[in-house]
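Asks: The following block contains the structure, expressed as structure tokens.
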Number of protein chains: 2
Amino acid sequence: MKPYKLSPEEASAQQLWEALLRASLSVRGEVRELFAQWNLTGAQWRVLMVLAAAPDEGLRQSEIGEQMLVTGGNVTGLIDRLEEAGLVCRQAHPDDRRVVLATLTPRGQKVYQELAPAFFGRLHRVFSGVPDSSREPLRIALGELTQNVQDNRAAGACSGSDPGGPGPTEREDVGPCGK
Amino acid sequence: MKPYKLSPEEASAQQLWEALLRASLSVRGEVRELFAQWNLTGAQWRVLMVLAAAPDEGLRQSEIGEQMLVTGGNVTGLIDRLEEAGLVCRQAHPDDRRVVLATLTPRGQKVYQELAPAFFGRLHRVFSGVPDSSREPLRIALGELTQNVQDNRAAGACSGSDPGGPGPTEREDVGPCGK
DNA sequence: CCTGAATAGTTTAGGTATAAAGTAATCACG
DNA sequence: CGTGATTACTTTATACCTAAACTATTCAGG
């Protein structure tokens with residue numbers, strides 16, 4: 001198995017990506033159990049946070065999706081479950097009947113208020129190993145990375161900056177185990 | 001809606017977590033379309049990478065799960081689909097009949113060899129905005145963060161370092177929309 | 001007004017992920 | 001040897017997430 005020799009820059013990018021992925025997976029796992037105590041999931045908590053920071057009239061589902069970087073179909077399901085749990089409520093937009101405005105119910109606000117200290121406290125402990133002096137640079141670097149990806153995406157959508165043709169898309173004639 | 005006043009350290013942790021999450025989500029999205037051209041997903045590609053770097057006899061499913069930071073049940077499904085696609089093959093362990101060894105089929109090796117340059121190249125472009133001088137510190141910081149989480153988890157499992165009692169776990173008496 | 005394009009949300013199909021329960025094989029030890 | 005605990009994997013139930021197709025509404029011109 002010749003292991004595809006990476007160039008130095010590619011290797012560095014790969015290591016960075018691996019580290020980024022593992023870090024985010026680890027933190028995700030670390031806070032998951034906390035949410036479980038409130039019968040919540042990470043995604044549901046994220047919706048609560050977004051709505052808690054939103055104006056009183058609430059947010060469109062599309063706005064929630066943008067802030068969470070998830071698709072509209074996903075938001076539909078998320079709000080479905082939160083509505084069923086009585087934490088969020090859908091209201092019709094007064095001027096545009098296509099739009100759904102989501103707001104926290106009193107119950108949702110209560111859950112947010114109660115869980116917030118535990119959540120942010122846990123997060124504080126998780127990140128306690130990162131020295132104060134490293135936090136700003138780290139945050140900046142991650143923000144620039146995110147921005148970079150989004151810019152590349154916007155640019156690549158118009159100009160054909162991807163010369164390589166697409167790979168084989170079919171997958172018939174499945175061979176047996178290689179031995 | 002009083003917005004739960006965060007302490008400065010909590011706010012800094014929250015910003016870091018938000019930046020980390022958004023960065024990893026962005027990169028994930030960026031490479032997704034590349035995999036789609038090969039009828040692959042990000043998770044499936046990750047399995048191929050792990051197996052490509054593995055010894056010839058292959059890896060146990062549990063080892064794959066450890067490297068990917070996912071549960072065993074997840075690995076079962078992943079390997080199921082890759083096996084069905086003819087990219088991976090399950091073999092019995094010669095000495096321990098509980099163990100399944102997963103290896104790349106010739107077809108799987110071929111797909112890996114073909115997709116690797118495109119993948120690492122795209123990754124290189126994604127991370128091109130991160131200056132060389134920042135990469136090592138960034139990687140180190142992310143690695144320490146991951147380590148920190150895992151240590152905390154191991155420690156917290158034994159000693160009761162989590163004083164706060166669990167929150168309300170029930171969710172009946174759902175109230176109507178708060179207006 | 002009418003019609004076609006755009007927009008907001010929902011639905012559907014399929015892959016990803018967990019926790020928890022279940023099955024089969026191995027191991028430890030009396 | 002046999003039995004209970006452990007280990008490796010699978011199964012089940014549920015939630016997350018995407019892309020793509022669909023519905024309903026609004027908007028822009030003619």
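Just remember, in the structure tokens the first chain shown is A, the second B, etc., residues are 1-based per chain, and ligands are 1-based in the order shown.
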Each residue of chain A with at least one atom at most 9 Å from chain C should appear once, together with its nearest atom pair and the corresponding distance in Å (one decimal); atoms considered: only C-alpha atoms (C1' of nucleotides); ordering: chain, then increasing residue number; output as JSON lines.
Replies:
```
{"residue": "A:Arg60", "atom": "CA", "partner": "C:DA8", "partner_atom": "C1'", "distance": 8.9}
{"residue": "A:Gln61", "atom": "CA", "partner": "C:DG9", "partner_atom": "C1'", "distance": 8.1}
{"residue": "A:Ser62", "atom": "CA", "partner": "C:DA8", "partner_atom": "C1'", "distance": 7.6}
{"residue": "A:Gly72", "atom": "CA", "partner": "C:DG9", "partner_atom": "C1'", "distance": 7.6}
{"residue": "A:Gly73", "atom": "CA", "partner": "C:DT10", "partner_atom": "C1'", "distance": 7.2}
{"residue": "A:Thr76", "atom": "CA", "partner": "C:DT10", "partner_atom": "C1'", "distance": 7.3}
{"residue": "A:Arg97", "atom": "CA", "partner": "C:DA8", "partner_atom": "C1'", "distance": 8.9}
{"residue": "A:Arg98", "atom": "CA", "partner": "C:DA8", "partner_atom": "C1'", "distance": 5.2}
{"residue": "A:Val99", "atom": "CA", "partner": "C:DA8", "partner_atom": "C1'", "distance": 5.6}
{"residue": "A:Val100", "atom": "CA", "partner": "C:DG9", "partner_atom": "C1'", "distance": 7.8}
```
Asks: Using only C-alpha atoms (C1' of nucleotides), determine which residues lie at most 12 Å from Gln150 (chain A), disregarding the query and same-chain residues fewer than 5 positions distant; provide the list as a PyMOL selection string.
Replies: (chain A and resi 69+143-145+155-157) or (chain B and resi 22-23+25-30+126-127+129)
Asks: I need the residues from that last selection saved to file as a compact mmCIF listing (two decimals), in the first residue's frame (with C-alpha atoms), if you can.
Replies:
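selection24.txt written:
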```
# COMPACT_ATOMS: atom_id res chain seq x y z
CA LEU A 69 -24.61 26.85 9.57
CA GLY A 143 -12.35 33.01 12.45
CA GLU A 144 -10.06 33.78 9.52
CA LEU A 145 -10.11 30.16 8.51
CA ALA A 155 -15.41 32.73 -5.52
CA GLY A 156 -15.23 29.12 -6.71
CA ALA A 157 -18.95 29.08 -7.44
CA ARG B 22 -17.91 27.19 12.91
CA ALA B 23 -14.45 26.47 11.55
CA LEU B 25 -18.42 23.00 10.13
CA SER B 26 -17.12 25.22 7.35
CA VAL B 27 -14.28 22.92 6.39
CA ARG B 28 -16.59 19.90 6.54
CA GLY B 29 -18.97 21.58 4.14
CA GLU B 30 -16.15 22.60 1.86
CA VAL B 126 -8.75 25.61 2.45
CA PHE B 127 -5.94 26.21 4.90
CA GLY B 129 -5.09 31.49 4.52
```
Asks: DSSP on the backbone, then: every residue of chain A marked strand (DSSP E), written as a list in words.
Replies: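 Taking chain A and keeping strand (DSSP E) gives Leu59, Arg60, Val88, Cys89, Arg90, Gln91, Ala92, Val100, Leu101, Ala102, Thr103 and Leu104 of chain A.
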Asks: Selection from above, N, CA and C atoms, as a compact mmCIF listing (two decimals), in the first residue's frame, can you write it?
Replies:
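This went into again_18.txt:
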```
# COMPACT_ATOMS: atom_id res chain seq x y z
N LEU A 59 -37.06 34.87 15.50
CA LEU A 59 -36.24 34.76 14.30
C LEU A 59 -36.95 33.90 13.27
N ARG A 60 -36.70 34.20 12.00
CA ARG A 60 -37.12 33.30 10.94
C ARG A 60 -36.32 32.02 11.05
N VAL A 88 -40.20 26.04 22.38
CA VAL A 88 -40.17 27.02 21.31
C VAL A 88 -41.55 27.06 20.68
N CYS A 89 -41.91 28.19 20.13
CA CYS A 89 -43.20 28.28 19.49
C CYS A 89 -43.08 28.95 18.13
N ARG A 90 -43.87 28.47 17.19
CA ARG A 90 -43.89 29.04 15.85
C ARG A 90 -45.00 30.07 15.77
N GLN A 91 -44.72 31.20 15.17
CA GLN A 91 -45.76 32.21 14.97
C GLN A 91 -45.71 32.68 13.53
N ALA A 92 -46.85 32.99 12.98
CA ALA A 92 -46.89 33.48 11.61
C ALA A 92 -46.34 34.91 11.56
N VAL A 100 -42.06 31.91 9.00
CA VAL A 100 -42.37 31.44 10.35
C VAL A 100 -41.40 32.10 11.31
N LEU A 101 -41.93 32.71 12.36
CA LEU A 101 -41.06 33.29 13.38
C LEU A 101 -41.03 32.34 14.57
N ALA A 102 -39.84 31.98 14.99
CA ALA A 102 -39.69 31.10 16.14
C ALA A 102 -39.28 31.92 17.35
N THR A 103 -39.92 31.66 18.48
CA THR A 103 -39.56 32.33 19.73
C THR A 103 -39.49 31.31 20.85
N LEU A 104 -38.80 31.67 21.91
CA LEU A 104 -38.79 30.82 23.10
C LEU A 104 -40.12 30.98 23.83
```
Asks: List every residue of region 41-124 of chain B that DSSP, applied to the backbone of this structure, places in alpha helix (DSSP H), and write the result as a ChimeraX atom specification.
Replies: /B:42-52,61-68,72-84,106-124
Asks: Any chance you can output those residues with C-alpha atoms as a PDB file, in the first residue's frame?
Replies:
```pdb
ATOM      1  CA  GLY B  42     -16.726  12.508   4.631  1.00  0.00           C
ATOM      2  CA  ALA B  43     -17.063   9.733   7.176  1.00  0.00           C
ATOM      3  CA  GLN B  44     -16.449   7.063   4.568  1.00  0.00           C
ATOM      4  CA  TRP B  45     -13.351   8.870   3.338  1.00  0.00           C
ATOM      5  CA  ARG B  46     -12.085   9.051   6.869  1.00  0.00           C
ATOM      6  CA  VAL B  47     -12.352   5.278   7.119  1.00  0.00           C
ATOM      7  CA  LEU B  48     -10.427   4.901   3.868  1.00  0.00           C
ATOM      8  CA  MET B  49      -7.676   7.177   5.186  1.00  0.00           C
ATOM      9  CA  VAL B  50      -7.404   5.252   8.429  1.00  0.00           C
ATOM     10  CA  LEU B  51      -7.251   1.930   6.608  1.00  0.00           C
ATOM     11  CA  ALA B  52      -4.772   3.216   4.043  1.00  0.00           C
ATOM     12  CA  GLN B  61     -13.428  -2.104  13.930  1.00  0.00           C
ATOM     13  CA  SER B  62     -12.836  -0.967  17.482  1.00  0.00           C
ATOM     14  CA  GLU B  63      -9.483   0.502  16.448  1.00  0.00           C
ATOM     15  CA  ILE B  64     -11.134   2.375  13.612  1.00  0.00           C
ATOM     16  CA  GLY B  65     -13.660   3.770  16.041  1.00  0.00           C
ATOM     17  CA  GLU B  66     -10.951   4.920  18.430  1.00  0.00           C
ATOM     18  CA  GLN B  67      -9.043   6.707  15.709  1.00  0.00           C
ATOM     19  CA  MET B  68     -12.173   8.379  14.422  1.00  0.00           C
ATOM     20  CA  GLY B  72     -18.671   0.967  17.683  1.00  0.00           C
ATOM     21  CA  GLY B  73     -22.214   0.901  16.417  1.00  0.00           C
ATOM     22  CA  ASN B  74     -21.347   3.695  14.059  1.00  0.00           C
ATOM     23  CA  VAL B  75     -18.360   1.792  12.697  1.00  0.00           C
ATOM     24  CA  THR B  76     -20.550  -1.217  11.998  1.00  0.00           C
ATOM     25  CA  GLY B  77     -22.798   0.837   9.737  1.00  0.00           C
ATOM     26  CA  LEU B  78     -19.901   2.614   8.066  1.00  0.00           C
ATOM     27  CA  ILE B  79     -18.143  -0.634   7.234  1.00  0.00           C
ATOM     28  CA  ASP B  80     -21.446  -2.157   6.116  1.00  0.00           C
ATOM     29  CA  ARG B  81     -21.838   0.491   3.449  1.00  0.00           C
ATOM     30  CA  LEU B  82     -18.188   0.483   2.403  1.00  0.00           C
ATOM     31  CA  GLU B  83     -18.279  -3.285   2.125  1.00  0.00           C
ATOM     32  CA  GLU B  84     -21.417  -3.127   0.026  1.00  0.00           C
ATOM     33  CA  PRO B 106      -7.920  -3.381  -4.337  1.00  0.00           C
ATOM     34  CA  ARG B 107     -10.810  -1.247  -5.471  1.00  0.00           C
ATOM     35  CA  GLY B 108     -10.718   0.651  -2.172  1.00  0.00           C
ATOM     36  CA  GLN B 109      -6.980   1.214  -2.534  1.00  0.00           C
ATOM     37  CA  LYS B 110      -7.529   2.483  -6.055  1.00  0.00           C
ATOM     38  CA  VAL B 111     -10.210   4.934  -4.945  1.00  0.00           C
ATOM     39  CA  TYR B 112      -7.958   6.132  -2.139  1.00  0.00           C
ATOM     40  CA  GLN B 113      -5.007   6.682  -4.475  1.00  0.00           C
ATOM     41  CA  GLU B 114      -7.149   8.561  -6.942  1.00  0.00           C
ATOM     42  CA  LEU B 115      -9.011  10.740  -4.486  1.00  0.00           C
ATOM     43  CA  ALA B 116      -6.093  11.507  -2.172  1.00  0.00           C
ATOM     44  CA  PRO B 117      -4.416  14.153  -4.385  1.00  0.00           C
ATOM     45  CA  ALA B 118      -7.710  15.963  -4.891  1.00  0.00           C
ATOM     46  CA  PHE B 119      -8.552  15.776  -1.201  1.00  0.00           C
ATOM     47  CA  PHE B 120      -5.216  16.936   0.142  1.00  0.00           C
ATOM     48  CA  GLY B 121      -5.019  19.599  -2.525  1.00  0.00           C
ATOM     49  CA  ARG B 122      -8.408  20.962  -1.570  1.00  0.00           C
ATOM     50  CA  LEU B 123      -7.429  20.860   2.073  1.00  0.00           C
ATOM     51  CA  HIS B 124      -4.271  22.739   1.219  1.00  0.00           C
TER      52      HIS B 124
END
```
Asks: Which of these residues is nearest to chain A, using only C-alpha atoms (C1' of nucleotides): D:DG2, D:DC22, D:DC17, D:DA28?
Replies: D:DC17
Asks: Taking only C-alpha atoms (C1' of nucleotides) into account, what are the residues of chain D at most 10 Å from chain A, put as an NGL selection string?
Replies: :D and (15-19 or 24-26)
Asks: Kindly indicate which residue among B:Gly86, B:Glu136, B:Glu57, B:Pro8 lies nearest to chain A, using only C-alpha atoms for the distances.
Replies: B:Gly86
